[in-house]
>>> print(open('query.txt').read())   # compact mmCIF, C-alpha atoms
# COMPACT_ATOMS: atom_id res chain seq x y z
CA MET A 1 103.93 169.52 51.71
CA GLU A 2 102.81 171.15 54.94
CA PHE A 3 103.03 168.84 57.94
CA ALA A 4 99.32 169.19 58.81
CA GLU A 5 98.38 168.34 55.23
CA VAL A 6 100.55 165.21 55.29
CA VAL A 7 98.86 164.05 58.50
CA ARG A 8 95.41 164.78 57.08
CA ARG A 9 96.07 162.94 53.82
CA ARG A 10 97.71 159.84 55.23
CA ARG A 11 95.60 156.74 54.89
CA MET A 12 96.33 153.09 54.26
CA VAL A 13 96.31 152.29 50.55
CA ARG A 14 96.12 148.62 49.56
CA SER A 15 96.50 148.74 45.79
CA TYR A 16 99.38 150.12 43.71
CA ASP A 17 100.48 150.80 40.16
CA SER A 18 102.72 147.76 39.81
CA SER A 19 104.31 149.11 36.63
CA ARG A 20 105.73 152.14 38.42
CA PRO A 21 108.59 151.47 40.82
CA VAL A 22 109.56 153.83 43.62
CA GLU A 23 112.64 155.79 42.68
CA PRO A 24 115.71 154.62 44.66
CA GLU A 25 116.50 158.17 45.79
CA ILE A 26 113.01 158.43 47.29
CA VAL A 27 113.54 155.13 49.11
CA THR A 28 116.75 156.52 50.57
CA LYS A 29 115.03 159.75 51.58
CA LEU A 30 112.26 157.83 53.36
CA LEU A 31 114.81 155.72 55.23
CA GLU A 32 116.79 158.83 56.20
CA GLN A 33 113.62 160.26 57.72
CA ALA A 34 112.82 156.95 59.42
CA ILE A 35 116.08 156.95 61.34
CA ARG A 36 115.20 160.37 62.75
CA ALA A 37 112.53 158.67 64.85
CA PRO A 38 113.07 159.01 68.58
CA SER A 39 114.43 156.02 70.47
CA ALA A 40 114.90 155.31 74.16
CA GLY A 41 118.45 156.21 75.15
CA PHE A 42 119.09 156.84 71.44
CA SER A 43 119.36 153.06 71.20
CA GLN A 44 118.18 153.05 67.58
CA GLY A 45 117.47 149.34 67.82
CA TRP A 46 115.88 148.90 64.43
CA HIS A 47 116.61 147.43 61.06
CA PHE A 48 114.85 148.02 57.75
CA LEU A 49 114.82 145.30 55.15
CA VAL A 50 113.99 146.77 51.76
CA LEU A 51 112.44 144.49 49.14
CA ASP A 52 112.55 146.55 45.98
CA ARG A 53 112.88 143.71 43.49
CA ALA A 54 110.21 141.20 42.59
CA GLU A 55 112.66 138.35 43.17
CA HIS A 56 112.96 139.48 46.80
CA ARG A 57 109.28 140.25 47.37
CA GLU A 58 108.16 136.89 45.99
CA PRO A 59 109.72 134.83 48.83
CA PHE A 60 108.06 137.19 51.33
CA TRP A 61 104.61 136.65 49.84
CA THR A 62 105.19 132.91 49.56
CA ALA A 63 106.25 132.75 53.21
CA THR A 64 103.19 134.69 54.38
CA THR A 65 100.53 133.05 52.20
CA GLU A 66 99.03 129.72 53.13
CA SER A 67 99.53 127.30 50.27
CA GLY A 68 96.34 126.72 48.37
CA GLN A 69 94.89 129.95 49.76
CA PRO A 70 92.81 131.62 47.04
CA ALA A 71 94.02 135.12 46.23
CA ASP A 72 91.69 137.49 48.05
CA PRO A 73 91.31 141.15 47.08
CA TRP A 74 93.57 142.24 49.95
CA LEU A 75 96.43 140.00 48.84
CA THR A 76 96.01 140.81 45.16
CA GLY A 77 96.11 144.52 45.94
CA MET A 78 99.06 144.29 48.30
CA ARG A 79 101.08 142.14 45.93
CA SER A 80 100.92 144.99 43.44
CA ALA A 81 103.20 147.07 45.69
CA PRO A 82 106.57 147.58 44.00
CA LEU A 83 108.26 148.11 47.35
CA LEU A 84 108.08 146.49 50.76
CA ILE A 85 110.05 147.55 53.79
CA LEU A 86 110.14 145.16 56.72
CA ALA A 87 110.47 147.05 59.99
CA LEU A 88 112.46 144.96 62.45
CA SER A 89 113.15 145.73 66.10
CA ASP A 90 116.33 144.85 67.96
CA LYS A 91 115.63 144.41 71.66
CA GLU A 92 119.24 143.49 72.40
CA ALA A 93 120.36 146.94 71.26
CA TYR A 94 118.19 148.45 74.01
CA LEU A 95 119.33 146.04 76.70
CA ASP A 96 122.94 146.71 75.67
CA ARG A 97 122.43 150.47 75.66
CA TYR A 98 120.83 150.49 79.12
CA ALA A 99 123.61 148.34 80.55
CA ASP A 100 125.98 151.26 79.81
CA ALA A 101 127.39 153.15 82.79
CA ASP A 102 125.12 156.20 82.38
CA LYS A 103 121.99 154.01 82.59
CA GLY A 104 123.32 151.22 84.77
CA TRP A 105 120.81 148.44 84.13
CA THR A 106 123.59 145.93 84.03
CA ASP A 107 121.25 143.06 84.90
CA ARG A 108 119.58 143.58 81.48
CA ASP A 109 116.31 142.76 83.21
CA GLU A 110 113.38 143.26 80.83
CA ALA A 111 111.05 143.84 83.79
CA ARG A 112 112.58 147.31 84.01
CA TRP A 113 110.80 148.23 80.79
CA PRO A 114 107.14 149.21 81.14
CA VAL A 115 106.47 148.54 77.46
CA PRO A 116 108.67 147.23 74.64
CA TYR A 117 110.20 150.49 73.43
CA TRP A 118 112.15 148.55 70.81
CA ASP A 119 108.86 147.74 69.08
CA ILE A 120 107.35 151.16 69.74
CA ASP A 121 110.35 153.09 68.42
CA THR A 122 110.42 150.87 65.33
CA GLY A 123 106.73 151.62 64.91
CA MET A 124 107.45 155.36 65.15
CA ALA A 125 110.11 155.00 62.46
CA SER A 126 107.54 153.15 60.34
CA LEU A 127 105.09 156.01 60.75
CA LEU A 128 107.74 158.44 59.51
CA ILE A 129 108.06 156.29 56.37
CA LEU A 130 104.27 156.34 55.88
CA LEU A 131 104.12 160.10 56.35
CA GLY A 132 107.19 160.68 54.18
CA ALA A 133 105.51 158.62 51.46
CA VAL A 134 102.53 160.98 51.46
CA ASP A 135 104.93 163.92 51.24
CA GLU A 136 106.48 162.30 48.14
CA GLY A 137 103.16 161.61 46.45
CA LEU A 138 103.35 157.91 47.25
CA ALA A 139 100.87 155.67 48.99
CA GLY A 140 101.58 153.13 51.67
CA CYS A 141 100.17 150.61 54.10
CA PHE A 142 101.46 149.18 57.37
CA PHE A 143 100.49 145.63 58.19
CA GLY A 144 101.45 142.90 60.62
CA VAL A 145 102.47 139.37 59.81
CA PRO A 146 100.82 136.57 61.83
CA PRO A 147 103.28 134.98 64.28
CA ALA A 148 102.82 131.59 62.61
CA ALA A 149 104.42 132.94 59.43
CA HIS A 150 107.44 134.54 61.12
CA PRO A 151 109.70 131.46 60.94
CA ALA A 152 109.14 131.12 57.18
CA VAL A 153 109.77 134.85 56.65
CA ARG A 154 112.99 134.64 58.70
CA GLU A 155 114.14 131.68 56.70
CA ALA A 156 113.27 133.23 53.34
CA LEU A 157 114.92 136.59 54.02
CA GLY A 158 117.79 135.75 56.36
CA ILE A 159 116.32 137.55 59.36
CA PRO A 160 118.23 136.56 62.51
CA GLU A 161 116.49 135.62 65.76
CA ARG A 162 117.72 138.85 67.28
CA LEU A 163 115.38 140.92 65.10
CA ARG A 164 111.61 140.92 65.52
CA LEU A 165 109.25 141.66 62.66
CA VAL A 166 107.14 144.57 63.92
CA GLY A 167 105.37 145.15 60.63
CA VAL A 168 105.67 145.62 56.92
CA ILE A 169 105.28 148.85 54.98
CA SER A 170 104.07 148.48 51.40
CA LEU A 171 104.77 151.45 49.18
CA GLY A 172 104.10 152.57 45.65
CA TYR A 173 102.07 154.92 43.54
CA ALA A 174 98.40 154.45 44.37
CA ALA A 175 95.98 152.57 42.17
CA PRO A 176 92.24 152.88 42.84
CA ASP A 177 91.40 150.87 45.93
CA ARG A 178 88.47 149.98 48.08
CA LYS A 179 88.45 151.73 51.43
CA SER A 180 89.03 149.46 54.39
CA PRO A 181 85.74 148.19 55.82
CA SER A 182 87.22 149.00 59.23
CA LEU A 183 86.70 152.68 58.48
CA LYS A 184 82.94 152.17 58.75
CA ARG A 185 83.53 151.99 62.47
CA GLY A 186 84.20 155.72 62.38
CA ARG A 187 86.85 157.73 64.08
CA ARG A 188 86.43 157.96 67.84
CA ALA A 189 85.70 161.54 68.85
CA LEU A 190 88.21 163.51 70.85
CA ASP A 191 86.01 163.57 73.93
CA GLU A 192 85.89 159.76 73.94
CA VAL A 193 89.66 159.36 74.04
CA VAL A 194 90.84 162.42 75.93
CA SER A 195 90.56 163.27 79.61
CA TYR A 196 91.79 166.32 81.46
CA GLY A 197 93.25 166.05 84.94
CA ARG A 198 91.96 162.52 85.69
CA VAL A 199 90.72 159.70 83.51
CA ARG A 200 86.96 159.95 83.31
CA MET B 1 105.98 174.04 58.28
CA GLU B 2 107.10 171.62 55.60
CA PHE B 3 106.92 168.00 56.69
CA ALA B 4 110.61 167.34 56.03
CA GLU B 5 111.55 170.38 58.09
CA VAL B 6 109.41 169.19 61.02
CA VAL B 7 111.12 165.79 60.94
CA ARG B 8 114.54 167.40 60.75
CA ARG B 9 113.89 169.79 63.63
CA ARG B 10 112.28 167.34 66.04
CA ARG B 11 114.41 166.57 69.06
CA MET B 12 113.71 165.85 72.68
CA VAL B 13 113.71 169.03 74.76
CA ARG B 14 113.94 168.64 78.54
CA SER B 15 113.54 172.21 79.78
CA TYR B 16 110.64 174.62 79.25
CA ASP B 17 109.51 178.17 79.88
CA SER B 18 107.29 177.40 82.86
CA SER B 19 105.69 180.85 82.73
CA ARG B 20 104.24 180.25 79.28
CA PRO B 21 101.40 177.75 79.07
CA VAL B 22 100.43 175.98 75.87
CA GLU B 23 97.32 177.55 74.37
CA PRO B 24 94.29 175.24 74.78
CA GLU B 25 93.48 175.45 71.05
CA ILE B 26 96.97 174.17 70.26
CA VAL B 27 96.47 171.29 72.70
CA THR B 28 93.26 170.39 70.90
CA LYS B 29 94.96 170.62 67.51
CA LEU B 30 97.75 168.28 68.65
CA LEU B 31 95.21 165.78 69.96
CA GLU B 32 93.23 165.96 66.73
CA GLN B 33 96.39 165.07 64.84
CA ALA B 34 97.22 162.30 67.32
CA ILE B 35 93.96 160.49 66.65
CA ARG B 36 94.82 160.40 62.95
CA ALA B 37 97.51 157.85 63.77
CA PRO B 38 96.99 154.49 62.12
CA SER B 39 95.66 151.66 64.24
CA ALA B 40 95.20 147.94 63.59
CA GLY B 41 91.65 147.32 62.41
CA PHE B 42 90.98 151.00 63.16
CA SER B 43 90.75 149.88 66.78
CA GLN B 44 91.91 153.27 68.07
CA GLY B 45 92.65 151.73 71.43
CA TRP B 46 94.22 154.73 73.05
CA HIS B 47 93.50 157.36 75.63
CA PHE B 48 95.23 160.67 76.26
CA LEU B 49 95.28 162.13 79.73
CA VAL B 50 96.08 165.83 79.57
CA LEU B 51 97.64 167.46 82.63
CA ASP B 52 97.50 171.16 81.84
CA ARG B 53 97.18 172.46 85.37
CA ALA B 54 99.86 172.43 88.03
CA GLU B 55 97.42 170.84 90.49
CA HIS B 56 97.14 167.85 88.15
CA ARG B 57 100.82 167.61 87.21
CA GLU B 58 101.95 167.72 90.83
CA PRO B 59 100.41 164.32 91.74
CA PHE B 60 102.07 162.84 88.65
CA TRP B 61 105.51 164.05 89.66
CA THR B 62 104.96 162.99 93.26
CA ALA B 63 103.91 159.52 92.11
CA THR B 64 106.96 159.13 89.88
CA THR B 65 109.62 160.58 92.16
CA GLU B 66 111.14 158.55 94.94
CA SER B 67 110.65 160.35 98.21
CA GLY B 68 113.83 161.95 99.41
CA GLN B 69 115.27 161.81 95.89
CA PRO B 70 117.33 164.93 95.29
CA ALA B 71 116.08 166.94 92.32
CA ASP B 72 118.42 166.10 89.46
CA PRO B 73 118.77 168.32 86.39
CA TRP B 74 116.50 166.01 84.35
CA LEU B 75 113.67 166.23 86.84
CA THR B 76 114.09 169.97 87.40
CA GLY B 77 113.93 170.55 83.66
CA MET B 78 111.00 168.25 83.05
CA ARG B 79 108.98 169.69 85.91
CA SER B 80 109.12 173.04 84.14
CA ALA B 81 106.84 171.67 81.41
CA PRO B 82 103.45 173.42 81.55
CA LEU B 83 101.78 170.46 79.87
CA LEU B 84 101.99 166.70 80.16
CA ILE B 85 100.02 164.23 78.08
CA LEU B 86 99.96 160.64 79.29
CA ALA B 87 99.62 158.26 76.34
CA LEU B 88 97.66 155.19 77.43
CA SER B 89 96.98 152.06 75.40
CA ASP B 90 93.81 149.99 75.59
CA LYS B 91 94.53 146.38 74.67
CA GLU B 92 90.93 145.34 75.28
CA ALA B 93 89.77 147.63 72.46
CA TYR B 94 91.96 145.61 70.07
CA LEU B 95 90.84 142.23 71.37
CA ASP B 96 87.22 143.41 71.13
CA ARG B 97 87.70 144.76 67.61
CA TYR B 98 89.32 141.56 66.34
CA ALA B 99 86.56 139.44 67.86
CA ASP B 100 84.18 141.16 65.41
CA ALA B 101 82.75 139.05 62.58
CA ASP B 102 85.00 140.53 59.87
CA LYS B 103 88.14 139.58 61.84
CA GLY B 104 86.83 136.53 63.65
CA TRP B 105 89.38 136.16 66.45
CA THR B 106 86.61 135.31 68.87
CA ASP B 107 88.98 133.49 71.21
CA ARG B 108 90.64 136.88 71.94
CA ASP B 109 93.92 134.99 72.08
CA GLU B 110 96.84 137.40 72.46
CA ALA B 111 99.17 134.87 70.84
CA ARG B 112 97.61 135.90 67.54
CA TRP B 113 99.37 139.25 67.82
CA PRO B 114 103.03 139.29 66.76
CA VAL B 115 103.69 142.50 68.70
CA PRO B 116 101.49 144.65 70.95
CA TYR B 117 99.93 146.93 68.34
CA TRP B 118 97.99 148.68 71.09
CA ASP B 119 101.27 150.02 72.45
CA ILE B 120 102.76 150.64 69.01
CA ASP B 121 99.75 152.54 67.70
CA THR B 122 99.67 154.63 70.87
CA GLY B 123 103.37 155.31 70.30
CA MET B 124 102.62 156.42 66.74
CA ALA B 125 99.95 158.79 68.04
CA SER B 126 102.53 160.14 70.51
CA LEU B 127 104.96 160.78 67.69
CA LEU B 128 102.28 162.79 65.88
CA ILE B 129 101.98 164.95 68.99
CA LEU B 130 105.75 165.45 69.12
CA LEU B 131 105.88 166.35 65.42
CA GLY B 132 102.80 168.57 65.67
CA ALA B 133 104.48 170.38 68.56
CA VAL B 134 107.45 171.25 66.34
CA ASP B 135 105.02 172.48 63.69
CA GLU B 136 103.48 174.79 66.32
CA GLY B 137 106.80 176.14 67.56
CA LEU B 138 106.64 174.08 70.72
CA ALA B 139 109.13 171.66 72.18
CA GLY B 140 108.45 168.25 73.59
CA CYS B 141 109.89 165.10 75.08
CA PHE B 142 108.61 161.52 75.26
CA PHE B 143 109.61 159.49 78.28
CA GLY B 144 108.67 156.25 79.94
CA VAL B 145 107.68 155.73 83.55
CA PRO B 146 109.35 152.86 85.44
CA PRO B 147 106.91 149.99 86.06
CA ALA B 148 107.37 150.32 89.83
CA ALA B 149 105.76 153.76 89.69
CA HIS B 150 102.73 152.74 87.62
CA PRO B 151 100.49 151.80 90.56
CA ALA B 152 101.02 155.19 92.22
CA VAL B 153 100.38 157.01 88.94
CA ARG B 154 97.17 155.01 88.41
CA GLU B 155 96.03 155.81 91.89
CA ALA B 156 96.87 159.50 91.64
CA LEU B 157 95.21 160.06 88.28
CA GLY B 158 92.36 157.57 88.23
CA ILE B 159 93.84 155.42 85.48
CA PRO B 160 91.92 152.12 85.29
CA GLU B 161 93.70 148.75 85.00
CA ARG B 162 92.46 148.47 81.43
CA LEU B 163 94.78 151.26 80.28
CA ARG B 164 98.55 150.89 80.11
CA LEU B 165 100.90 153.84 80.43
CA VAL B 166 102.98 153.72 77.25
CA GLY B 167 104.73 157.01 77.86
CA VAL B 168 104.42 160.64 78.76
CA ILE B 169 104.79 163.61 76.44
CA SER B 170 105.99 166.82 78.05
CA LEU B 171 105.25 169.95 76.06
CA GLY B 172 105.90 173.66 76.29
CA TYR B 173 107.91 176.48 74.84
CA ALA B 174 111.58 175.56 74.95
CA ALA B 175 114.02 176.95 77.49
CA PRO B 176 117.75 176.46 76.94
CA ASP B 177 118.62 172.88 77.72
CA ARG B 178 121.55 170.55 77.78
CA LYS B 179 121.58 168.07 74.94
CA SER B 180 121.01 164.50 76.01
CA PRO B 181 124.32 162.72 76.67
CA SER B 182 122.84 159.80 74.70
CA LEU B 183 123.33 161.82 71.52
CA LYS B 184 127.09 161.41 71.90
CA ARG B 185 126.53 157.88 70.73
CA GLY B 186 125.84 159.29 67.28
CA ARG B 187 123.19 158.40 64.81
CA ARG B 188 123.64 154.97 63.25
CA ALA B 189 124.36 155.31 59.55
CA LEU B 190 121.83 154.13 57.01
CA ASP B 191 124.04 151.30 55.83
CA GLU B 192 124.20 149.93 59.39
CA VAL B 193 120.43 149.67 59.74
CA VAL B 194 119.23 148.99 56.22
CA SER B 195 119.52 145.86 54.10
CA TYR B 196 118.29 145.22 50.60
CA GLY B 197 116.83 141.85 49.63
CA ARG B 198 118.16 139.90 52.63
CA VAL B 199 119.41 140.93 56.06
CA ARG B 200 123.18 141.24 55.87
>>> encode(input="query.txt", output="structure tokens")
Amino acid sequence: MEFAEVVRRRRMVRSYDSSRPVEPEIVTKLLEQAIRAPSAGFSQGWHFLVLDRAEHREPFWTATTESGQPADPWLTGMRSAPLLILALSDKEAYLDRYADADKGWTDRDEARWPVPYWDIDTGMASLLILLGAVDEGLAGCFFGVPPAAHPAVREALGIPERLRLVGVISLGYAAPDRKSPSLKRGRRALDEVVSYGRVR
Amino acid sequence: MEFAEVVRRRRMVRSYDSSRPVEPEIVTKLLEQAIRAPSAGFSQGWHFLVLDRAEHREPFWTATTESGQPADPWLTGMRSAPLLILALSDKEAYLDRYADADKGWTDRDEARWPVPYWDIDTGMASLLILLGAVDEGLAGCFFGVPPAAHPAVREALGIPERLRLVGVISLGYAAPDRKSPSLKRGRRALDEVVSYGRVR
């Protein structure tokens, strides 16, 4: 599909055909595109945890759902996704990379970093997965996990302290879904978010 | 161009044909694609400061270059870019959005956020600009500005405290450049950065 068309069509889909798994070769293709994301110093400090079997997704949903919480439409829809990819960032990989001779930040001081590029680069890789999904006729959603649930997710899926859960990408073939109520807010116009020369 | 081809071709280019500006309609098209990036709660907490005139780029380079610093090849190459777009994140827009009734985080407590989605979403929008540039036959680079230089950049370009400089996208028609020495590190193989079921 044309790039512009992929960008135009991409939207968050929160309900999937649970009977139709994502073909493993498509999963591989999406991951191969993900690792073409840019990264500071080519640090590539990311890890992708693929949950393509119900027995692996179940512990994720258990760890992120408060016990006794009634299933809301969001959760019911998202649980129908036959594939989850957890996007994890690896800050240490960046601090290591920039301690190399050609960068020279041997103090590994995080104050040298204006923003956490480990999280941003992992986010960029996640966007490539979302866009690649559209290109493959799939639907996807990117969502965050509340900090309070991170320890349980780590425990359930063997995620070491070194890796930070930036977000989760749900993927599958789309089922009819309700548009996000957030969209009622409307897209901000270009002249609201763009300045030329100086910030207005 | 096909999406997969855009992803494959994208690379950071650090030298541009300074005599060839980027057409204003292409700049607008890139920005229109940028604001199709996903954002948490459709917060769209971003701002893009376009420096398409030398008289606006000059203060940026002055603010980010140590006085007396000899021009190194990186700086010489980057200064040839006829267009810079500063990607700025607006955390307050996210805290405001999530204080709305449908989200209910009226305490505006940042500890509710596992990672700074304001920076990540702005990074995603930046990636759309980089990819869109490839689609338009342009070249681009994304780079960070050291925190020590942020006050001078704010002052020079009227950037309010509310906005954080996530990174800068340089754009233009490519001139021959030297590949980044970082690339010698090699791309990490899929099996190094992907796990199935549990993190290995």
>>> atom_distance(input="query.txt", atom1="atom CA of Phe60 of chain A", atom2="atom CA of Leu83 of chain A")
11.6 Å
>>> residues_around(input="query.txt", residues="segment 139-151 of chain A", least_positions_apart="5", cutoff="8 Å", atoms="only C-alpha atoms", output="PyMOL selection string")
(chain A and resi 11-14+16+63-64+126+130+133-134+165-174) or (chain B and resi 40+111-114)
>>> interface_residues(input="query.txt", of="chain A", to="chain B", cutoff="6 Å", atoms="only C-alpha atoms", output="list in words")
Met1, Glu2, Phe3, Gly41, Phe42, His47, Phe48, Leu49, Val50, Leu51, His56, Pro114, Ile120, Gly123, Met124, Pro147, Leu157, Gly158, Ile159, Ser182, Val193, Val194, Ser195, Tyr196, Gly197, Arg198 and Val199 of chain A
>>> atom_distance(input="query.txt", atom1="atom CA of Ser18 of chain B", atom2="atom CA of Ala81 of chain B")
5.9 Å
>>> atom_distance(input="query.txt", atom1="atom CA of Asp17 of chain A", atom2="atom CA of Ser80 of chain A")
6.7 Å
>>> closest_residue(input="query.txt", among="B:Ala101, B:Asp72, B:Pro82, B:Ser67", to="Ser19 of chain B", atoms="only C-alpha atoms")
B:Pro82
